[in-house]
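J.: File follows, work_3.cif with mmCIF, C-alpha atoms:
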data_work
#
loop_
_atom_site.label_atom_id
_atom_site.label_comp_id
_atom_site.auth_asym_id
_atom_site.auth_seq_id
_atom_site.Cartn_x
_atom_site.Cartn_y
_atom_site.Cartn_z
CA MET A 1 80.03 -96.73 -8.56
CA PRO A 2 80.52 -97.32 -12.33
CA ALA A 3 81.78 -94.40 -14.36
CA ASP A 4 79.23 -92.44 -16.39
CA PRO A 5 79.30 -93.80 -19.98
CA CYS A 6 79.20 -90.23 -21.28
CA LEU A 7 82.29 -89.36 -19.26
CA MET A 8 84.00 -92.49 -20.53
CA GLN A 9 83.29 -91.36 -24.07
CA LEU A 10 84.70 -87.91 -23.27
CA ALA A 11 87.89 -89.50 -21.90
CA LEU A 12 88.24 -91.68 -24.98
CA ALA A 13 87.66 -88.64 -27.21
CA ALA A 14 90.34 -86.71 -25.32
CA TRP A 15 92.86 -89.55 -25.46
CA PRO A 16 94.29 -88.88 -28.98
CA ALA A 17 95.20 -85.30 -28.03
CA ILE A 18 96.73 -86.53 -24.78
CA TRP A 19 98.75 -89.12 -26.74
CA VAL A 20 100.05 -86.48 -29.15
CA GLY A 21 101.10 -84.29 -26.21
CA ASP A 22 102.98 -87.15 -24.54
CA LEU A 23 104.59 -88.11 -27.84
CA LEU A 24 105.85 -84.57 -28.54
CA ARG A 25 107.06 -84.20 -24.97
CA TYR A 26 109.33 -87.19 -25.58
CA LEU A 27 110.36 -86.54 -29.19
CA ILE A 28 111.23 -82.84 -28.90
CA PRO A 29 113.71 -82.92 -25.94
CA ALA A 30 115.25 -86.25 -26.97
CA GLY A 31 115.49 -85.16 -30.61
CA VAL A 32 116.97 -81.75 -29.77
CA VAL A 33 119.67 -83.24 -27.50
CA ALA A 34 120.47 -86.04 -29.97
CA LEU A 35 120.73 -83.52 -32.82
CA ALA A 36 122.89 -81.19 -30.73
CA LEU A 37 125.29 -84.01 -29.86
CA SER A 38 125.64 -84.87 -33.54
CA LEU A 39 126.31 -81.25 -34.56
CA LEU A 40 128.51 -79.97 -31.74
CA PRO A 41 132.26 -79.97 -32.51
CA SER A 42 134.10 -83.06 -31.30
CA ASP A 43 136.70 -81.02 -29.40
CA TRP A 44 133.85 -79.66 -27.25
CA VAL A 45 132.04 -82.99 -26.84
CA THR A 46 135.02 -85.27 -26.20
CA PRO A 47 136.11 -83.88 -22.80
CA ARG A 48 132.46 -83.87 -21.69
CA ARG A 49 131.82 -87.48 -22.63
CA VAL A 50 131.15 -89.51 -19.49
CA GLN A 51 130.46 -92.84 -21.22
CA LEU A 52 133.43 -94.43 -22.96
CA ARG A 53 131.32 -97.22 -24.45
CA ARG A 54 129.33 -96.61 -27.61
CA PRO A 55 125.68 -97.58 -28.09
CA ALA A 56 125.16 -101.11 -29.40
CA ALA A 57 123.95 -101.78 -32.92
CA GLY A 58 120.20 -101.26 -33.16
CA GLN A 59 120.05 -99.77 -29.66
CA ARG A 60 118.52 -96.43 -30.65
CA ARG A 61 115.80 -98.17 -32.64
CA ARG A 62 114.97 -100.37 -29.64
CA GLU A 63 114.94 -97.36 -27.29
CA ILE A 64 112.55 -95.47 -29.54
CA LEU A 65 110.23 -98.45 -30.00
CA PHE A 66 109.90 -99.08 -26.27
CA SER A 67 109.52 -95.35 -25.68
CA MET A 68 106.50 -95.47 -27.98
CA LEU A 69 104.99 -98.07 -25.66
CA THR A 70 105.73 -95.81 -22.71
CA VAL A 71 104.03 -92.90 -24.47
CA LEU A 72 100.99 -95.14 -24.92
CA VAL A 73 100.96 -96.04 -21.22
CA PHE A 74 101.47 -92.42 -20.16
CA SER A 75 98.65 -91.23 -22.42
CA ALA A 76 96.32 -93.93 -21.07
CA ASN A 77 97.08 -92.63 -17.58
CA GLY A 78 96.42 -89.11 -18.89
CA ALA A 79 92.97 -90.24 -20.04
CA LEU A 80 92.43 -91.76 -16.59
CA ILE A 81 93.36 -88.43 -15.02
CA PHE A 82 90.93 -86.66 -17.37
CA LEU A 83 88.17 -89.02 -16.22
CA GLY A 84 89.14 -88.60 -12.57
CA VAL A 85 88.98 -84.81 -12.85
CA GLN A 86 85.58 -84.94 -14.57
CA THR A 87 84.18 -87.14 -11.80
CA GLY A 88 85.68 -84.98 -9.06
CA VAL A 89 87.90 -87.75 -7.71
CA LEU A 90 91.13 -85.96 -8.71
CA GLN A 91 91.83 -82.38 -7.67
CA LEU A 92 92.60 -80.12 -10.62
CA TYR A 93 91.84 -76.40 -10.52
CA THR A 94 92.04 -73.93 -13.40
CA ALA A 95 91.60 -70.47 -11.85
CA LEU A 96 95.06 -69.11 -11.01
CA ASP A 97 93.69 -66.90 -8.24
CA GLU A 98 91.87 -69.77 -6.51
CA PHE A 99 94.89 -70.65 -4.36
CA GLY A 100 97.27 -67.82 -5.27
CA TRP A 101 100.71 -67.63 -6.83
CA PHE A 102 102.54 -68.75 -3.70
CA TYR A 103 100.61 -72.02 -3.66
CA LEU A 104 101.24 -72.41 -7.39
CA ALA A 105 105.02 -72.25 -6.87
CA ALA A 106 104.91 -74.32 -3.67
CA SER A 107 102.87 -77.08 -5.32
CA LEU A 108 105.41 -77.30 -8.15
CA ILE A 109 108.30 -77.62 -5.70
CA LEU A 110 106.35 -80.22 -3.71
CA LEU A 111 105.61 -82.16 -6.90
CA VAL A 112 109.27 -82.27 -7.95
CA ILE A 113 110.50 -83.32 -4.49
CA ALA A 114 107.76 -85.92 -4.09
CA HIS A 115 108.50 -87.33 -7.55
CA ASP A 116 112.21 -87.62 -6.78
CA THR A 117 111.29 -89.54 -3.62
CA TRP A 118 108.85 -91.78 -5.50
CA PHE A 119 111.41 -92.41 -8.22
CA TYR A 120 114.26 -93.24 -5.82
CA TRP A 121 112.34 -95.82 -3.80
CA THR A 122 110.56 -97.45 -6.76
CA HIS A 123 113.91 -97.49 -8.59
CA ARG A 124 115.49 -99.39 -5.72
CA LEU A 125 112.51 -101.74 -5.78
CA PHE A 126 112.98 -102.31 -9.52
CA HIS A 127 116.52 -103.51 -8.84
CA GLN A 128 115.39 -106.27 -6.51
CA PRO A 129 116.06 -109.57 -8.34
CA TRP A 130 112.46 -110.74 -8.09
CA VAL A 131 111.19 -107.50 -9.69
CA PHE A 132 114.00 -106.52 -12.05
CA ARG A 133 113.18 -108.93 -14.87
CA TRP A 134 109.58 -107.76 -15.13
CA THR A 135 110.16 -104.03 -14.76
CA HIS A 136 113.63 -102.59 -15.20
CA LEU A 137 115.60 -105.06 -17.32
CA ARG A 138 114.37 -103.45 -20.53
CA HIS A 139 115.77 -100.07 -19.54
CA HIS A 140 119.14 -101.48 -18.53
CA ARG A 141 119.70 -103.10 -21.89
CA SER A 142 121.04 -99.63 -22.72
CA VAL A 143 124.38 -99.96 -20.95
CA ALA A 144 125.61 -96.93 -22.88
CA PRO A 145 122.36 -94.94 -22.98
CA THR A 146 121.40 -92.33 -25.57
CA PRO A 147 118.87 -89.49 -25.21
CA TRP A 148 116.27 -91.82 -26.77
CA ALA A 149 116.51 -94.12 -23.71
CA ALA A 150 114.68 -91.61 -21.51
CA TYR A 151 111.34 -93.44 -21.97
CA SER A 152 112.69 -96.90 -22.84
CA PHE A 153 110.74 -98.83 -20.20
CA ALA A 154 108.81 -102.05 -19.98
CA PRO A 155 105.05 -101.32 -19.76
CA THR A 156 105.01 -102.39 -16.10
CA GLU A 157 107.69 -99.85 -15.20
CA ALA A 158 106.04 -97.15 -17.32
CA ALA A 159 102.76 -97.71 -15.46
CA LEU A 160 104.43 -97.28 -12.07
CA HIS A 161 106.08 -94.07 -13.26
CA ALA A 162 102.79 -92.76 -14.68
CA ILE A 163 100.62 -93.48 -11.65
CA PHE A 164 102.63 -91.04 -9.50
CA LEU A 165 100.82 -87.98 -10.88
CA THR A 166 97.43 -89.66 -10.48
CA LEU A 167 98.17 -90.39 -6.81
CA MET A 168 99.33 -86.83 -6.21
CA LEU A 169 96.09 -85.45 -7.67
CA LEU A 170 94.17 -87.53 -5.16
CA VAL A 171 95.60 -85.48 -2.28
CA VAL A 172 97.01 -82.23 -3.70
CA PRO A 173 95.09 -79.74 -5.88
CA LEU A 174 97.24 -78.92 -8.92
CA HIS A 175 96.95 -76.36 -11.69
CA PRO A 176 97.48 -77.49 -15.32
CA LEU A 177 100.39 -75.04 -15.59
CA VAL A 178 102.13 -76.76 -12.67
CA ILE A 179 101.58 -80.17 -14.27
CA PHE A 180 102.91 -78.93 -17.61
CA VAL A 181 106.08 -77.42 -16.09
CA PHE A 182 106.61 -80.54 -13.97
CA LEU A 183 106.30 -82.88 -16.97
CA VAL A 184 108.65 -80.76 -19.11
CA HIS A 185 111.18 -80.62 -16.27
CA MET A 186 110.88 -84.39 -15.82
CA ILE A 187 111.60 -85.30 -19.44
CA VAL A 188 114.36 -82.71 -19.90
CA ARG A 189 116.23 -83.94 -16.81
CA ASN A 190 115.61 -87.53 -17.92
CA VAL A 191 117.00 -86.91 -21.41
CA LEU A 192 120.06 -85.11 -20.03
CA GLY A 193 120.70 -88.01 -17.66
CA HIS A 194 120.87 -90.40 -20.61
CA ALA A 195 122.84 -88.16 -22.97
CA GLY A 196 126.24 -89.74 -22.25
CA VAL A 197 127.76 -86.25 -22.51
CA GLU A 198 127.72 -83.70 -19.69
CA LEU A 199 126.02 -80.63 -21.16
CA MET A 200 125.82 -78.54 -17.98
CA PRO A 201 128.27 -75.63 -17.63
CA ARG A 202 131.48 -76.38 -15.75
CA SER A 203 130.67 -73.71 -13.16
CA TRP A 204 127.36 -75.45 -12.39
CA LEU A 205 129.06 -78.79 -11.88
CA ALA A 206 131.55 -77.21 -9.50
CA GLY A 207 128.83 -75.40 -7.54
CA TRP A 208 125.42 -76.07 -6.06
CA TRP A 209 124.28 -78.18 -9.02
CA GLY A 210 127.18 -80.58 -8.61
CA ARG A 211 126.56 -80.88 -4.88
CA TRP A 212 122.83 -81.49 -4.78
CA LEU A 213 121.49 -82.19 -8.27
CA THR A 214 122.13 -85.28 -10.33
CA THR A 215 124.43 -84.97 -13.31
CA THR A 216 124.71 -86.97 -16.53
CA LEU A 217 127.70 -88.69 -14.93
CA HIS A 218 125.57 -89.61 -11.92
CA HIS A 219 123.00 -91.55 -13.94
CA ASP A 220 125.50 -92.86 -16.47
CA MET A 221 127.42 -94.58 -13.68
CA HIS A 222 124.14 -96.24 -12.70
CA HIS A 223 123.73 -97.68 -16.20
CA ALA A 224 127.35 -98.76 -16.37
CA GLN A 225 127.35 -100.48 -12.95
CA GLY A 226 123.74 -101.66 -12.75
CA ARG A 227 123.46 -100.35 -9.19
CA TYR A 228 124.13 -97.23 -7.09
CA ASN A 229 122.89 -93.72 -7.96
CA TYR A 230 119.14 -94.33 -7.95
CA GLY A 231 118.05 -90.68 -7.67
CA LEU A 232 116.44 -88.76 -10.52
CA TYR A 233 116.76 -85.05 -9.70
CA PHE A 234 118.63 -84.77 -6.41
CA THR A 235 121.50 -86.62 -4.78
CA TRP A 236 120.26 -86.50 -1.18
CA TRP A 237 118.33 -89.78 -1.20
CA ASP A 238 121.39 -91.62 -2.46
CA ARG A 239 123.40 -90.07 0.37
CA ILE A 240 120.77 -90.87 2.99
CA GLY A 241 120.28 -94.38 1.63
CA ARG A 242 124.05 -94.92 1.21
CA THR A 243 123.57 -95.81 -2.44
CA GLU A 244 125.73 -93.13 -4.01
CA HIS A 245 128.49 -94.74 -6.08
CA PRO A 246 131.68 -94.69 -3.95
CA ASP A 247 133.67 -93.26 -6.89
CA TYR A 248 131.09 -90.71 -8.02
CA ARG A 249 132.51 -87.66 -6.25
CA GLN A 250 136.02 -88.50 -7.41
CA GLN A 251 134.87 -88.98 -11.01
CA LEU A 252 132.90 -85.75 -10.89
CA GLY A 253 136.01 -83.96 -9.65
CA LYS A 254 138.03 -85.37 -12.53
CA LEU A 255 135.37 -84.24 -14.99
CA ILE A 256 135.38 -80.72 -13.54
CA GLN A 257 139.18 -80.64 -13.68
CA ARG A 258 139.13 -81.84 -17.28
CA LEU A 259 136.66 -79.15 -18.26
CA GLY A 260 138.52 -76.52 -16.26
CA GLU A 261 141.71 -76.96 -18.27
CA GLY A 262 143.86 -76.08 -15.32
CA SER A 263 141.39 -73.77 -13.55
CA ARG A 264 141.16 -73.66 -9.78
CA MET A 265 137.74 -75.34 -9.73
CA THR A 266 137.68 -78.33 -7.41
CA LEU A 267 135.46 -81.19 -6.42
CA PRO A 268 132.17 -80.02 -4.87
CA GLN A 269 132.25 -80.65 -1.15
CA ASP A 270 129.32 -81.69 1.01
CA CYS A 271 127.74 -78.92 3.06
#
Taking this structure as input, can you express it in the form of structure tokens?

T.:
Amino acid sequence: MPADPCLMQLALAAWPAIWVGDLLRYLIPAGVVALALSLLPSDWVTPRRVQLRRPAAGQRRREILFSMLTVLVFSANGALIFLGVQTGVLQLYTALDEFGWFYLAASLILLVIAHDTWFYWTHRLFHQPWVFRWTHLRHHRSVAPTPWAAYSFAPTEAALHAIFLTLMLLVVPLHPLVIFVFLVHMIVRNVLGHAGVELMPRSWLAGWWGRWLTTTLHHDMHHAQGRYNYGLYFTWWDRIGRTEHPDYRQQLGKLIQRLGEGSRMTLPQDC
């Protein structure tokens, strides 16, 4: 059945605010990390640098320009979600006590795990030769990525990333707070993955974080090699799918040792 013209007008009226929100969600984390890397002392940054290459001339400008296209695609999907909620097709609830706090937390955890799964398998799909040129090539032009590369996608790839939340709202009722926290978590982890410098504390890398969560090194090796390490938040899909870079654990151990300056911290072992 065609959408109500009045609802379409409401969605179009809401779109500028949605676009501003998506734009700020990209600019603030990427800008903060980029600024921090430019201001932090070199003796702190140098041992944490995981990418020996330097960004190519004009790379940051290209990353920002294509990120603006991604923001446009994401905001268009946001307007689609707005329309879907208004028509009752998508399940968004606003009363915190409707499902309770336990469901609120559980739905956030489910969203993050489901997104990591979606990202891993679509990411592997993007690297198939017959798909790569039309989806993922643009992103991999950043061999030595910067924080600005977090949204540097071709429109086709951006659309496949964006549609995940729409599909989830078809089957899982979500609160706006859950969506907001999920989206902030997504862009922050994405920016850190492209920073080229490991900003996490050494103790985290040597502990649970280093065992099960992706690091800057993890994603940087993906950009450098063009394959392996397809996960976004967690390392378990790469282990299950046997796509973890064969040298990743060794390189992570060397990074921990370098940051430890002779401490007894060692390579995280699998549980």

J.: Name all residues at most 7 Å from stretch 102-110 of chain A (count all atoms listed in the file; drop same-chain ones fewer than 2 positions away) and give them as a list in words.

T.: Phe99, Gly100, Val112, Ile113, Ala114, Leu174, Val178 and Phe182 of chain A

J.: Please identify all polymer residues within 12 Å of stretch 161-165 of chain A, counting all atoms listed in the file, omitting same-chain residues fewer than 6 positions from it, and present them as a ChimeraX atom specification.

T.: /A:22,70-82,84,90-92,108,110-112,114-123,126,135-136,151-155,171-174,176,178-180,182-183,186,232

J.: Given the file shown, enumerate the residues that the PyMOL selection byres ((chain A and resi 249) around 12) captures and present them as a VMD selection string.

T.: chain A and resid 205 to 206 210 to 212 214 to 215 217 to 218 221 229 235 239 244 to 248 250 to 256 266 to 270

J.: Written as a ChimeraX atom specification, what is the full residue list that the PyMOL selection byres ((chain A and resi 64) around 12) yields on the file shown?

T.: /A:23,26-27,30-31,58-63,65-71,139,142,145-153

J.: For A:Pro129, which residue out of A:Arg141, A:Gly226, A:Arg189, A:Ala11 is the nearest one, using all atoms listed in the file?

T.: A:Gly226

J.: Give the answer as one residue: which of A:Ala57, A:Ala224, A:Tyr233, A:Ile18 has the shortest atom-to-atom distance to A:His140, using all atoms listed in the file?

T.: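 Among A:Ala57, A:Ala224, A:Tyr233, A:Ile18, it is A:Ala224 that comes nearest to A:His140.
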
J.: Separation of atom CA of A:Ala34 and atom CA of A:His219, in Å?

T.: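 Between these atoms lies a distance of 17.1 Å.
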
J.: I'd like the residues picked by the PyMOL selection byres ((chain A and resi 199) around 10) written out as JSON, numbers by chain, using the chain letters and numbers from the file.

T.: {"A": [33, 37, 44, 45, 48, 49, 192, 193, 195, 196, 197, 198, 200, 201, 202, 205, 215, 216]}

J.: Restore N, CA, C and O atoms in stretch 165-181 of chain A and list the result as a compact mmCIF listing (two decimals), in the frame of the given file.

T.:
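Done, and the output landed in out.txt:
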# COMPACT_ATOMS: atom_id res chain seq x y z
N LEU A 165 101.59 -89.21 -10.74
CA LEU A 165 100.82 -87.98 -10.88
C LEU A 165 99.36 -88.19 -10.49
O LEU A 165 98.75 -87.33 -9.86
N THR A 166 98.81 -89.34 -10.85
CA THR A 166 97.43 -89.66 -10.48
C THR A 166 97.28 -89.69 -8.96
O THR A 166 96.32 -89.14 -8.41
N LEU A 167 98.22 -90.32 -8.28
CA LEU A 167 98.17 -90.39 -6.81
C LEU A 167 98.31 -89.01 -6.18
O LEU A 167 97.63 -88.71 -5.19
N MET A 168 99.17 -88.18 -6.75
CA MET A 168 99.33 -86.83 -6.21
C MET A 168 98.04 -86.03 -6.34
O MET A 168 97.66 -85.28 -5.42
N LEU A 169 97.34 -86.19 -7.46
CA LEU A 169 96.09 -85.45 -7.67
C LEU A 169 94.97 -85.93 -6.75
O LEU A 169 93.96 -85.23 -6.60
N LEU A 170 95.14 -87.08 -6.15
CA LEU A 170 94.17 -87.53 -5.16
C LEU A 170 94.23 -86.70 -3.89
O LEU A 170 93.22 -86.53 -3.20
N VAL A 171 95.40 -86.15 -3.58
CA VAL A 171 95.60 -85.48 -2.28
C VAL A 171 96.00 -84.03 -2.38
O VAL A 171 95.86 -83.27 -1.42
N VAL A 172 96.51 -83.60 -3.56
CA VAL A 172 97.01 -82.23 -3.70
C VAL A 172 96.35 -81.56 -4.91
O VAL A 172 96.50 -82.07 -6.03
N PRO A 173 95.64 -80.46 -4.72
CA PRO A 173 95.09 -79.74 -5.88
C PRO A 173 96.23 -79.15 -6.72
O PRO A 173 97.13 -78.50 -6.19
N LEU A 174 96.19 -79.39 -8.03
CA LEU A 174 97.24 -78.92 -8.92
C LEU A 174 96.64 -78.16 -10.08
O LEU A 174 95.56 -78.49 -10.57
N HIS A 175 97.37 -77.14 -10.53
CA HIS A 175 96.95 -76.36 -11.69
C HIS A 175 97.58 -76.99 -12.94
O HIS A 175 98.70 -77.51 -12.89
N PRO A 176 96.89 -76.94 -14.09
CA PRO A 176 97.48 -77.49 -15.32
C PRO A 176 98.84 -76.92 -15.66
O PRO A 176 99.70 -77.63 -16.22
N LEU A 177 99.08 -75.64 -15.33
CA LEU A 177 100.39 -75.04 -15.59
C LEU A 177 101.47 -75.74 -14.78
O LEU A 177 102.58 -75.99 -15.28
N VAL A 178 101.17 -76.06 -13.53
CA VAL A 178 102.13 -76.76 -12.67
C VAL A 178 102.43 -78.14 -13.25
O VAL A 178 103.58 -78.57 -13.31
N ILE A 179 101.39 -78.84 -13.68
CA ILE A 179 101.58 -80.17 -14.27
C ILE A 179 102.42 -80.08 -15.53
O ILE A 179 103.33 -80.89 -15.76
N PHE A 180 102.15 -79.09 -16.37
CA PHE A 180 102.91 -78.93 -17.61
C PHE A 180 104.39 -78.67 -17.32
O PHE A 180 105.27 -79.33 -17.90
N VAL A 181 104.69 -77.74 -16.42
CA VAL A 181 106.08 -77.42 -16.09
C VAL A 181 106.77 -78.63 -15.47
O VAL A 181 107.92 -78.95 -15.80
